[in-house]
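Next up, model-v9.tsv (TSV, C-alpha atoms and all ligand atoms):
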```
chain	number	residue	atom	x	y	z
K	704	MET	CA	43.49	-21.86	-7.67
K	705	ILE	CA	43.56	-22.27	-11.45
K	706	ASP	CA	40.57	-24.06	-13.01
K	707	ASN	CA	40.45	-26.44	-15.99
K	708	PHE	CA	40.27	-23.52	-18.42
K	709	LYS	CA	43.35	-21.76	-17.01
K	710	ARG	CA	41.27	-19.13	-15.17
K	711	GLN	CA	42.43	-17.96	-11.78
K	712	ILE	CA	39.58	-18.30	-9.29
K	713	ASP	CA	40.17	-15.80	-6.50
K	714	TYR	CA	36.74	-14.19	-5.94
K	715	LEU	CA	33.95	-15.56	-3.73
K	716	ARG	CA	30.49	-13.97	-3.85
K	717	ILE	CA	28.52	-14.81	-0.74
K	718	SER	CA	24.76	-14.51	-0.54
K	719	VAL	CA	24.02	-14.04	3.14
K	720	THR	CA	20.23	-14.07	2.78
K	721	ASP	CA	17.54	-14.66	0.17
K	722	ARG	CA	15.34	-12.02	1.83
K	723	CYS	CA	14.95	-8.51	0.57
K	724	ASN	CA	13.19	-5.30	1.54
K	725	PHE	CA	12.68	-4.33	-2.15
K	726	ARG	CA	10.72	-6.04	-4.92
K	727	CYS	CA	12.53	-4.92	-8.06
K	728	VAL	CA	10.39	-5.66	-11.09
K	729	TYR	CA	13.09	-7.65	-12.92
K	730	CYS	CA	14.12	-9.62	-9.84
K	731	MET	CA	11.11	-10.54	-7.69
K	732	PRO	CA	7.33	-10.84	-7.97
K	733	PRO	CA	5.30	-8.24	-6.01
K	734	GLU	CA	4.38	-10.74	-3.31
K	735	GLY	CA	8.03	-11.75	-2.87
K	736	VAL	CA	9.35	-15.29	-3.14
K	737	LYS	CA	9.03	-18.06	-0.60
K	738	PHE	CA	11.95	-17.50	1.74
K	739	THR	CA	14.16	-20.36	2.83
K	740	PRO	CA	13.47	-21.36	6.44
K	741	HIS	CA	15.87	-19.96	8.98
K	742	TRP	CA	17.53	-23.28	9.84
K	743	GLU	CA	18.45	-23.94	6.21
K	744	ILE	CA	20.36	-20.68	5.93
K	745	LEU	CA	24.05	-20.84	6.84
K	746	SER	CA	24.88	-19.19	10.12
K	747	LEU	CA	27.47	-16.39	10.07
K	748	GLU	CA	29.87	-18.75	11.81
K	749	GLU	CA	29.39	-21.37	9.04
K	750	ILE	CA	29.95	-18.75	6.33
K	751	SER	CA	33.14	-17.69	8.11
K	752	ARG	CA	34.40	-21.27	8.05
K	753	VAL	CA	33.79	-21.44	4.29
K	754	VAL	CA	35.73	-18.19	3.79
K	755	ASP	CA	38.67	-19.51	5.80
K	756	ALA	CA	38.76	-22.74	3.81
K	757	ALA	CA	38.37	-20.85	0.51
K	758	SER	CA	41.22	-18.52	1.41
K	759	ASP	CA	43.48	-21.57	1.79
K	760	ILE	CA	43.05	-22.37	-1.92
K	761	GLY	CA	43.50	-18.89	-3.29
K	762	ILE	CA	40.33	-16.86	-2.65
K	763	THR	CA	41.49	-13.34	-1.79
K	764	LYS	CA	38.38	-11.26	-2.60
K	765	VAL	CA	34.98	-11.59	-1.00
K	766	ARG	CA	31.74	-9.85	-1.92
K	767	ILE	CA	28.75	-9.90	0.42
K	768	THR	CA	25.46	-9.92	-1.46
K	769	GLY	CA	21.99	-11.46	-1.35
K	770	GLY	CA	18.96	-10.89	-1.34
K	771	GLU	CA	19.59	-7.71	0.54
K	772	PRO	CA	22.66	-8.37	2.70
K	773	LEU	CA	21.99	-5.51	5.11
K	774	VAL	CA	18.74	-7.08	6.35
K	775	ARG	CA	20.73	-10.02	7.74
K	776	LYS	CA	20.90	-9.81	11.53
K	777	ASN	CA	24.38	-9.25	13.02
K	778	ILE	CA	25.94	-8.89	9.57
K	779	LEU	CA	28.72	-6.69	11.02
K	780	ASP	CA	30.08	-9.76	12.82
K	781	LEU	CA	30.70	-11.42	9.46
K	782	PHE	CA	32.66	-8.42	8.14
K	783	GLN	CA	34.72	-8.41	11.34
K	784	TYR	CA	35.49	-12.09	11.04
K	785	ILE	CA	36.44	-11.99	7.36
K	786	SER	CA	38.59	-8.89	7.73
K	787	ALA	CA	40.64	-10.64	10.39
K	788	ASN	CA	41.74	-13.21	7.79
K	789	PRO	CA	45.06	-11.90	6.42
K	790	LEU	CA	44.62	-13.84	3.16
K	791	ILE	CA	41.55	-11.78	2.20
K	792	ASP	CA	42.55	-8.41	0.78
K	793	ASP	CA	39.23	-7.03	-0.55
K	794	ILE	CA	35.82	-7.11	1.15
K	795	SER	CA	33.02	-5.51	-0.79
K	796	LEU	CA	29.25	-5.25	-0.61
K	797	THR	CA	26.45	-5.18	-3.18
K	798	THR	CA	23.36	-3.52	-1.72
K	799	ASN	CA	20.18	-1.71	-2.64
K	800	GLY	CA	21.49	0.91	-0.21
K	801	VAL	CA	18.29	1.70	1.63
K	802	LEU	CA	19.71	0.73	5.04
K	803	PHE	CA	23.28	1.71	4.25
K	804	ALA	CA	23.56	5.26	5.61
K	805	ASP	CA	22.93	4.33	9.22
K	806	MET	CA	25.18	1.28	9.08
K	807	ALA	CA	28.02	2.76	7.02
K	808	GLU	CA	30.41	3.78	9.78
K	809	ASN	CA	30.11	0.45	11.56
K	810	LEU	CA	30.49	-1.44	8.29
K	811	LYS	CA	33.70	0.44	7.58
K	812	LYS	CA	35.00	-0.19	11.10
K	813	SER	CA	34.16	-3.86	10.65
K	814	GLY	CA	36.31	-4.17	7.52
K	815	LEU	CA	34.20	-3.14	4.52
K	816	ASN	CA	36.51	-1.75	1.81
K	817	ARG	CA	34.05	-0.67	-0.87
K	818	VAL	CA	30.44	-0.80	-1.96
K	819	ASN	CA	28.34	-1.24	-5.11
K	820	PHE	CA	24.85	0.25	-5.01
K	821	SER	CA	22.04	-1.01	-7.22
K	822	LEU	CA	20.23	2.09	-8.41
K	823	ASP	CA	18.14	1.88	-11.55
K	824	SER	CA	16.70	5.38	-11.62
K	825	LEU	CA	17.58	8.90	-10.46
K	826	ASN	CA	13.93	9.90	-10.50
K	827	PRO	CA	12.26	9.16	-7.13
K	828	ASP	CA	8.90	8.23	-8.73
K	829	ASN	CA	10.49	5.98	-11.32
K	830	PHE	CA	12.71	4.49	-8.63
K	831	ARG	CA	9.62	3.65	-6.58
K	832	ASP	CA	7.98	2.04	-9.60
K	833	ILE	CA	11.03	-0.13	-10.35
K	834	THR	CA	11.67	-1.25	-6.77
K	835	ARG	CA	7.92	-1.21	-5.94
K	836	VAL	CA	8.71	0.05	-2.39
K	837	GLY	CA	12.05	1.88	-2.38
K	838	ASN	CA	12.65	5.43	-1.19
K	839	PHE	CA	15.22	7.07	-3.47
K	840	HIS	CA	16.27	9.65	-0.87
K	841	ASP	CA	17.27	6.97	1.65
K	842	VAL	CA	19.52	5.35	-0.95
K	843	TRP	CA	20.99	8.68	-2.00
K	844	ARG	CA	21.84	9.40	1.64
K	845	GLY	CA	23.67	6.05	1.72
K	846	ILE	CA	25.63	6.88	-1.43
K	847	ASN	CA	26.73	10.23	0.00
K	848	LYS	CA	27.80	8.49	3.18
K	849	ALA	CA	29.91	6.01	1.20
K	850	LEU	CA	31.64	8.89	-0.59
K	851	GLU	CA	32.14	10.76	2.68
K	852	LEU	CA	33.74	7.69	4.29
K	853	ASN	CA	36.01	7.08	1.26
K	854	LEU	CA	34.62	3.63	0.63
K	855	HIS	CA	36.11	3.93	-2.86
K	856	PRO	CA	35.46	3.08	-5.57
K	857	VAL	CA	31.72	3.65	-5.12
K	858	LYS	CA	29.93	1.92	-7.99
K	859	PHE	CA	26.36	1.88	-9.24
K	860	ASN	CA	24.67	-1.08	-10.87
K	861	VAL	CA	22.01	0.11	-13.30
K	862	VAL	CA	20.11	-2.71	-14.97
K	863	ALA	CA	19.13	-1.31	-18.36
K	864	VAL	CA	15.47	-1.94	-19.18
K	865	ARG	CA	13.83	-0.49	-22.27
K	866	GLY	CA	10.89	1.76	-21.52
K	867	VAL	CA	11.78	1.73	-17.83
K	868	ASN	CA	15.07	3.60	-17.42
K	869	ASP	CA	16.60	3.93	-20.89
K	870	GLN	CA	15.57	7.61	-20.98
K	871	GLU	CA	17.90	8.19	-18.01
K	872	PHE	CA	21.20	6.86	-19.40
K	873	GLY	CA	22.43	10.41	-20.09
K	874	ASP	CA	21.45	11.59	-16.59
K	875	PHE	CA	23.49	8.80	-15.03
K	876	ALA	CA	26.46	9.63	-17.25
K	877	ARG	CA	26.26	13.34	-16.32
K	878	LEU	CA	26.54	12.42	-12.62
K	879	THR	CA	30.07	11.14	-13.23
K	880	LYS	CA	31.26	14.60	-14.30
K	881	GLU	CA	31.11	16.02	-10.78
K	882	LEU	CA	31.11	12.96	-8.53
K	883	PRO	CA	33.67	10.11	-8.31
K	884	LEU	CA	31.00	7.51	-9.06
K	885	HIS	CA	31.42	4.49	-11.31
K	886	ILE	CA	28.14	3.89	-13.11
K	887	ARG	CA	27.82	0.41	-14.63
K	888	PHE	CA	24.99	-0.36	-17.03
K	889	ILE	CA	24.09	-4.04	-16.79
K	890	GLU	CA	22.42	-6.03	-19.52
K	891	LEU	CA	19.18	-7.55	-18.28
K	892	MET	CA	19.54	-11.30	-17.83
K	893	PRO	CA	16.55	-13.58	-18.47
K	894	ILE	CA	16.60	-14.88	-14.91
K	895	GLY	CA	13.67	-15.47	-12.59
K	896	GLU	CA	10.88	-12.92	-12.55
K	897	CYS	CA	12.00	-11.06	-15.63
K	898	ASN	CA	12.30	-14.21	-17.71
K	899	PRO	CA	9.11	-13.81	-19.77
K	900	TRP	CA	9.61	-10.17	-20.68
K	901	ALA	CA	13.40	-9.83	-20.67
K	902	GLU	CA	13.72	-10.25	-24.42
K	903	GLY	CA	11.47	-7.35	-25.44
K	904	ASN	CA	12.95	-5.03	-22.81
K	905	PHE	CA	16.59	-5.92	-23.33
K	906	VAL	CA	19.02	-3.13	-24.22
K	907	ALA	CA	22.44	-4.27	-25.45
K	908	ALA	CA	25.51	-2.51	-24.09
K	909	ALA	CA	26.45	-1.51	-27.66
K	910	GLU	CA	23.22	0.47	-27.91
K	911	ILE	CA	23.83	2.12	-24.54
K	912	MET	CA	27.33	3.17	-25.63
K	913	GLN	CA	26.06	4.42	-28.96
K	914	ARG	CA	23.38	6.53	-27.29
K	915	LEU	CA	25.92	7.97	-24.85
K	916	GLN	CA	28.31	8.78	-27.68
K	917	GLU	CA	25.56	10.56	-29.60
K	918	GLU	CA	24.96	12.72	-26.53
K	919	PHE	CA	28.49	13.22	-25.20
K	920	GLY	CA	30.90	12.44	-28.06
K	921	THR	CA	33.63	9.81	-27.90
K	922	LEU	CA	34.30	8.38	-24.44
K	923	GLU	CA	37.83	7.65	-23.27
K	924	THR	CA	38.60	4.03	-22.37
K	925	GLU	CA	39.47	3.70	-18.71
K	926	MET	CA	41.66	0.94	-17.33
K	927	LYS	CA	42.00	1.59	-13.66
K	928	VAL	CA	38.84	1.05	-11.61
K	929	THR	CA	39.51	-1.24	-8.65
K	930	GLY	CA	37.36	-4.35	-8.83
K	931	SER	CA	37.12	-8.03	-9.58
K	932	GLY	CA	34.09	-7.97	-11.83
K	933	PRO	CA	33.62	-8.02	-15.58
K	934	ALA	CA	32.71	-4.37	-16.25
K	935	LYS	CA	34.48	-2.43	-19.02
K	936	TYR	CA	34.97	1.23	-18.14
K	937	TYR	CA	34.97	4.54	-20.03
K	938	ARG	CA	35.21	8.18	-18.99
K	939	LEU	CA	33.72	11.44	-20.18
K	940	PRO	CA	36.59	13.88	-20.79
K	941	GLY	CA	37.59	15.46	-17.47
K	942	ALA	CA	34.96	13.54	-15.47
K	943	LYS	CA	35.62	12.51	-11.86
K	944	GLY	CA	33.86	9.16	-12.26
K	945	THR	CA	33.52	6.55	-14.99
K	946	ILE	CA	30.85	4.80	-17.03
K	947	GLY	CA	30.95	1.03	-17.37
K	948	VAL	CA	29.04	-1.73	-19.10
K	949	ILE	CA	28.50	-5.30	-17.97
K	950	THR	CA	27.77	-7.31	-21.10
K	951	ALA	CA	26.38	-10.39	-19.39
K	952	MET	CA	24.39	-11.35	-22.50
K	953	SER	CA	25.84	-9.77	-25.63
K	954	ASN	CA	29.49	-10.51	-24.99
K	955	HIS	CA	29.86	-12.82	-22.06
K	956	PHE	CA	33.06	-12.59	-20.09
K	957	CYS	CA	33.22	-16.25	-19.07
K	958	ASN	CA	36.71	-16.74	-20.48
K	959	SER	CA	38.05	-14.46	-17.76
K	960	CYS	CA	35.65	-15.63	-15.05
K	961	ASN	CA	37.27	-15.53	-11.63
K	962	ARG	CA	34.43	-16.37	-9.27
K	963	LEU	CA	32.48	-18.85	-7.21
K	964	ARG	CA	29.16	-18.24	-5.45
K	965	LEU	CA	27.98	-19.42	-2.09
K	966	THR	CA	24.18	-19.43	-1.85
K	967	ALA	CA	22.44	-18.48	1.38
K	968	ASN	CA	21.53	-22.12	1.98
K	969	GLY	CA	25.10	-23.30	1.74
K	970	GLN	CA	25.45	-24.46	-1.85
K	971	LEU	CA	28.60	-23.63	-3.75
K	972	ARG	CA	27.80	-22.68	-7.33
K	973	PRO	CA	30.65	-22.78	-9.83
K	974	CYS	CA	28.63	-20.70	-12.32
K	975	LEU	CA	25.85	-18.15	-11.85
K	976	TYR	CA	23.99	-19.64	-14.75
K	977	GLY	CA	24.86	-23.32	-14.43
K	978	ASN	CA	22.66	-25.88	-12.68
K	979	GLN	CA	25.40	-27.50	-10.73
K	980	GLU	CA	25.81	-26.91	-6.99
K	981	PHE	CA	28.07	-28.47	-4.39
K	982	ASP	CA	26.58	-28.92	-0.96
K	983	LEU	CA	28.70	-27.36	1.78
K	984	LYS	CA	25.95	-27.12	4.40
K	985	THR	CA	25.86	-30.85	5.15
K	986	PRO	CA	29.62	-31.17	5.63
K	987	LEU	CA	29.68	-27.93	7.63
K	988	ARG	CA	27.06	-29.36	9.95
K	989	SER	CA	28.65	-32.76	10.26
K	990	GLY	CA	32.02	-31.60	11.47
K	991	ALA	CA	34.07	-31.26	8.26
K	992	SER	CA	37.54	-29.89	8.91
K	993	ARG	CA	38.94	-26.76	7.23
K	994	GLU	CA	40.99	-29.02	4.91
K	995	GLU	CA	37.95	-31.09	3.97
K	996	LEU	CA	35.99	-27.94	3.17
K	997	ALA	CA	38.90	-26.63	1.10
K	998	ASP	CA	38.92	-29.92	-0.85
K	999	LEU	CA	35.21	-29.57	-1.59
K	1000	ILE	CA	35.68	-25.99	-2.78
K	1001	ALA	CA	38.56	-27.12	-5.01
K	1002	LYS	CA	36.25	-29.80	-6.45
K	1003	ALA	CA	33.65	-27.13	-7.32
K	1004	ILE	CA	36.37	-25.08	-9.04
K	1005	ARG	CA	37.35	-28.11	-11.10
K	1006	HIS	CA	33.72	-28.31	-12.26
K	1007	LYS	CA	33.45	-24.70	-13.41
K	1008	PRO	CA	32.02	-24.69	-16.94
K	1009	SER	CA	33.90	-22.85	-19.68
K	1010	GLN	CA	30.95	-20.49	-20.24
K	1011	HIS	CA	27.23	-19.99	-19.78
K	1012	HIS	CA	24.47	-20.78	-22.26
K	1013	MET	CA	21.96	-18.19	-21.11
K	1014	GLU	CA	20.74	-17.57	-24.63
K	1015	GLU	CA	19.32	-21.11	-24.61
K	1016	GLY	CA	16.93	-20.21	-21.79
K	1017	TRP	CA	16.71	-20.37	-18.04
K	1018	THR	CA	15.19	-23.50	-16.59
K	1019	ASP	CA	15.88	-22.83	-12.90
K	1020	ARG	CA	12.72	-21.33	-11.34
K	1021	ARG	CA	14.70	-19.39	-8.76
K	1022	VAL	CA	15.27	-15.65	-9.03
K	1023	MET	CA	18.54	-13.77	-8.71
K	1024	SER	CA	17.97	-13.00	-5.01
K	1025	GLN	CA	17.72	-16.74	-4.28
K	1026	ILE	CA	20.84	-17.67	-6.22
K	1027	GLY	CA	22.82	-14.75	-4.92
K	1028	GLY	CA	23.18	-11.89	-7.37
K	1101	LIG	N1	27.13	-13.41	-16.16
K	1101	LIG	C1	27.49	-13.04	-14.94
K	1101	LIG	N2	27.11	-11.84	-14.49
K	1101	LIG	C2	27.49	-11.50	-13.27
K	1101	LIG	C3	28.23	-12.35	-12.45
K	1101	LIG	N3	28.48	-11.74	-11.28
K	1101	LIG	C4	27.89	-10.55	-11.36
K	1101	LIG	N4	27.29	-10.39	-12.56
K	1101	LIG	C5	26.55	-9.23	-13.01
K	1101	LIG	O1	27.32	-8.10	-12.66
K	1101	LIG	C6	26.54	-7.24	-11.84
K	1101	LIG	C7	27.42	-6.47	-10.88
K	1101	LIG	O2	27.88	-7.28	-9.86
K	1101	LIG	P1	28.41	-6.71	-8.49
K	1101	LIG	O3	27.80	-7.49	-7.40
K	1101	LIG	O4	28.23	-5.25	-8.40
K	1101	LIG	O5	29.92	-7.09	-8.50
K	1101	LIG	P2	31.15	-6.97	-9.51
K	1101	LIG	O6	30.83	-6.11	-10.67
K	1101	LIG	O7	31.61	-8.36	-9.74
K	1101	LIG	O8	32.20	-6.29	-8.60
K	1101	LIG	P3	33.51	-5.42	-8.74
K	1101	LIG	O9	33.90	-5.27	-10.16
K	1101	LIG	O10	34.52	-6.17	-7.95
K	1101	LIG	O11	33.17	-4.12	-8.11
K	1101	LIG	C8	25.53	-8.16	-11.18
K	1101	LIG	O12	24.39	-7.46	-10.85
K	1101	LIG	C9	25.23	-9.14	-12.27
K	1101	LIG	O13	24.25	-8.61	-13.13
K	1101	LIG	C10	28.60	-13.61	-12.97
K	1101	LIG	O14	29.25	-14.41	-12.31
K	1101	LIG	N5	28.22	-13.91	-14.21
K	1102	LIG	C1	20.24	-9.76	-6.74
K	1102	LIG	S1	20.89	-8.21	-6.21
K	1102	LIG	C2	21.51	-8.60	-4.59
K	1102	LIG	C3	22.12	-7.47	-3.83
K	1102	LIG	C4	21.22	-6.29	-3.48
K	1102	LIG	N1	19.91	-6.65	-3.09
K	1102	LIG	C5	21.19	-5.32	-4.63
K	1102	LIG	O1	20.15	-5.17	-5.26
K	1102	LIG	O2	22.25	-4.74	-4.88
K	1102	LIG	C6	22.46	-8.07	-7.07
K	1102	LIG	C7	22.41	-7.43	-8.42
K	1102	LIG	O3	21.74	-8.29	-9.32
K	1102	LIG	C8	21.10	-7.48	-10.28
K	1102	LIG	N2	20.05	-8.24	-10.93
K	1102	LIG	C9	18.98	-8.85	-10.38
K	1102	LIG	N3	18.24	-9.47	-11.32
K	1102	LIG	C10	18.88	-9.24	-12.50
K	1102	LIG	C11	18.61	-9.61	-13.86
K	1102	LIG	N4	17.55	-10.34	-14.19
K	1102	LIG	N5	19.48	-9.20	-14.80
K	1102	LIG	C12	20.57	-8.46	-14.48
K	1102	LIG	N6	20.88	-8.10	-13.23
K	1102	LIG	C13	20.05	-8.47	-12.27
K	1102	LIG	C14	20.58	-6.32	-9.44
K	1102	LIG	O4	20.30	-5.18	-10.18
K	1102	LIG	C15	21.71	-6.09	-8.48
K	1102	LIG	O5	22.61	-5.13	-9.00
K	1103	LIG	S1	17.73	-6.62	-7.14
K	1103	LIG	FE1	18.43	-6.65	-5.01
K	1103	LIG	S2	17.13	-5.07	-4.09
K	1103	LIG	FE2	16.11	-5.60	-5.96
K	1103	LIG	S3	14.65	-7.21	-5.37
K	1103	LIG	FE3	16.52	-8.20	-6.11
K	1103	LIG	S4	17.66	-8.62	-4.26
K	1103	LIG	FE4	16.15	-7.04	-3.76
K	1104	LIG	S1	28.11	-17.03	-16.45
K	1104	LIG	FE1	29.28	-18.50	-15.26
K	1104	LIG	S2	31.23	-18.80	-16.30
K	1104	LIG	FE2	30.25	-16.95	-17.16
K	1104	LIG	S3	31.11	-15.25	-15.97
K	1104	LIG	FE3	29.21	-15.82	-14.93
K	1104	LIG	S4	29.80	-17.35	-13.41
K	1104	LIG	FE4	31.51	-17.13	-14.83
```
Show me the file's structure as structure tokens.
Amino acid sequence: MIDNFKRQIDYLRISVTDRCNFRCVYCMPPEGVKFTPHWEILSLEEISRVVDAASDIGITKVRITGGEPLVRKNILDLFQYISANPLIDDISLTTNGVLFADMAENLKKSGLNRVNFSLDSLNPDNFRDITRVGNFHDVWRGINKALELNLHPVKFNVVAVRGVNDQEFGDFARLTKELPLHIRFIELMPIGECNPWAEGNFVAAAEIMQRLQEEFGTLETEMKVTGSGPAKYYRLPGAKGTIGVITAMSNHFCNSCNRLRLTANGQLRPCLYGNQEFDLKTPLRSGASREELADLIAKAIRHKPSQHHMEEGWTDRRVMSQIGG
């Protein structure tokens, strides 16, 4: 469906849980956040009904995210259900990767097409510090499994944080020479836990690119990485993989925004950074038909704002894992 600003909305990001087995410093406080009670979280069957209705009005790409999506019980059932819908042609996953290796084959069999791993450091000690609990080697095993199973393109999300991982930009870039990995550096957004310190630790994509060019020379612009997101891609000469930047702050990509979000508690969010949400849980639980759900989704699309105003500050107290990153 086309929205009021002539953008084609064909991408639904679904947060299947607000729970997570990591506590990344920019995303969650050490003690975690208060999780939504079980009964307020959409069941997998309810999520499936939303996907069916959304597919009727032009959603063709679905990303499963969270919280950490792989901690959700019976998550394979959701992949199986969505992949049986012939209108959906791309099912992807955003994960911290720690549980991925052991689930990878079943995820692929259940319909997963490709996977984005969040990995902010290649140094196991630094990785532990950033995630507070994560074991780098478990994630690396998951990444190798994704490559082995051809879950291409395999992408990394690296949130750039000054003094935390900016000394590793070159190491990430070097990885792309030998491995078909697509490393995306993400500008830190002043959301949730990182809100108070985001400004001082922010690294703009332009600085990242400049530092990479100083180290590696001019990077070639790359056009062809499969995906629905806003990353811009480059390649080191002869490299198997690519390097991307997601300029969420310095050069927002709202004019080509193509997405809607479904939060774990059944709210449809036209914009990551907006305050507006459309309740789908109540209609889902009071017998709304597929057509009625599709009408509600179309209404949310009509309310998509033209762009975000993140630079004016974040008033929502929730963190990324609660909204659905
Ligand atoms: N401003 C903004 N940033 C977003 C939005 N969606 C994702 N991001 C940022 O982009 C990062 C990468 O998102 P992913 O979940 O890997 O998905 P993607 O890049 O959309 O996916 P593909 O390009 O299809 O692989 C997230 O961690 C966010 O920081 C959005 O709607 N608005
Ligand atoms: C919220 S997580 C959910 C999925 C999964 N747990 C993971 O980490 O991939 C999705 C993405 O949001 C990113 N993220 C979280 N907080 C962020 C922030 N304040 N600024 C930029 N990206 C952020 C994470 O790095 C991750 O790539
Ligand atoms: S970024 Fe992902 S893995 Fe890290 S705490 Fe947030 S939800 Fe968990
Ligand atoms: S901030 Fe809102 S309008 Fe901009 S790209 Fe993200 S979801 Fe789309």
What would the list of residues within 10 Å of (23.7, -6.7, 6.7) (file frame) look like as a ChimeraX atom specification, if all atoms listed in the file are what count? /K:719-720,767-769,771-782,796,798,802-803,806,810
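The space between atom CA of K:Asn819 and atom CA of K:Gly866 spans 24.1 Å.
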Taking all listed atoms of stretch 821-829 of chain K, build the axis-aligned box, pad each of the six sides by 3 Å, then write its centre and edge lengths in Å to one decimal as AutoDock Vina command-line options.
```
--center_x 15.5 --center_y 4.4 --center_z -9.4 --size_x 19.1 --size_y 16.9 --size_z 10.5
```
What's the 7 Å shell around K:Arg710, counting only C-alpha atoms, without same-chain residues fewer than 4 positions away, as a list in words? Ile705, Asp706, Ser959, Cys960 and Asn961 of chain K
Non-local contacts of K:Arg988 (12 Å; only C-alpha atoms; under 5 positions in same chain excluded) as a PyMOL selection string: chain K and resi 742-746+748-750+752-753+969+982-983+996
Compare K:Ser813, K:Glu890, K:Asp874, K:Ala804 by their minimum atom-to-atom distance to K:Ala849, counting all atoms listed in the file, and give me the closest one.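 For K:Ala849, the nearest of the given residues is K:Ala804.
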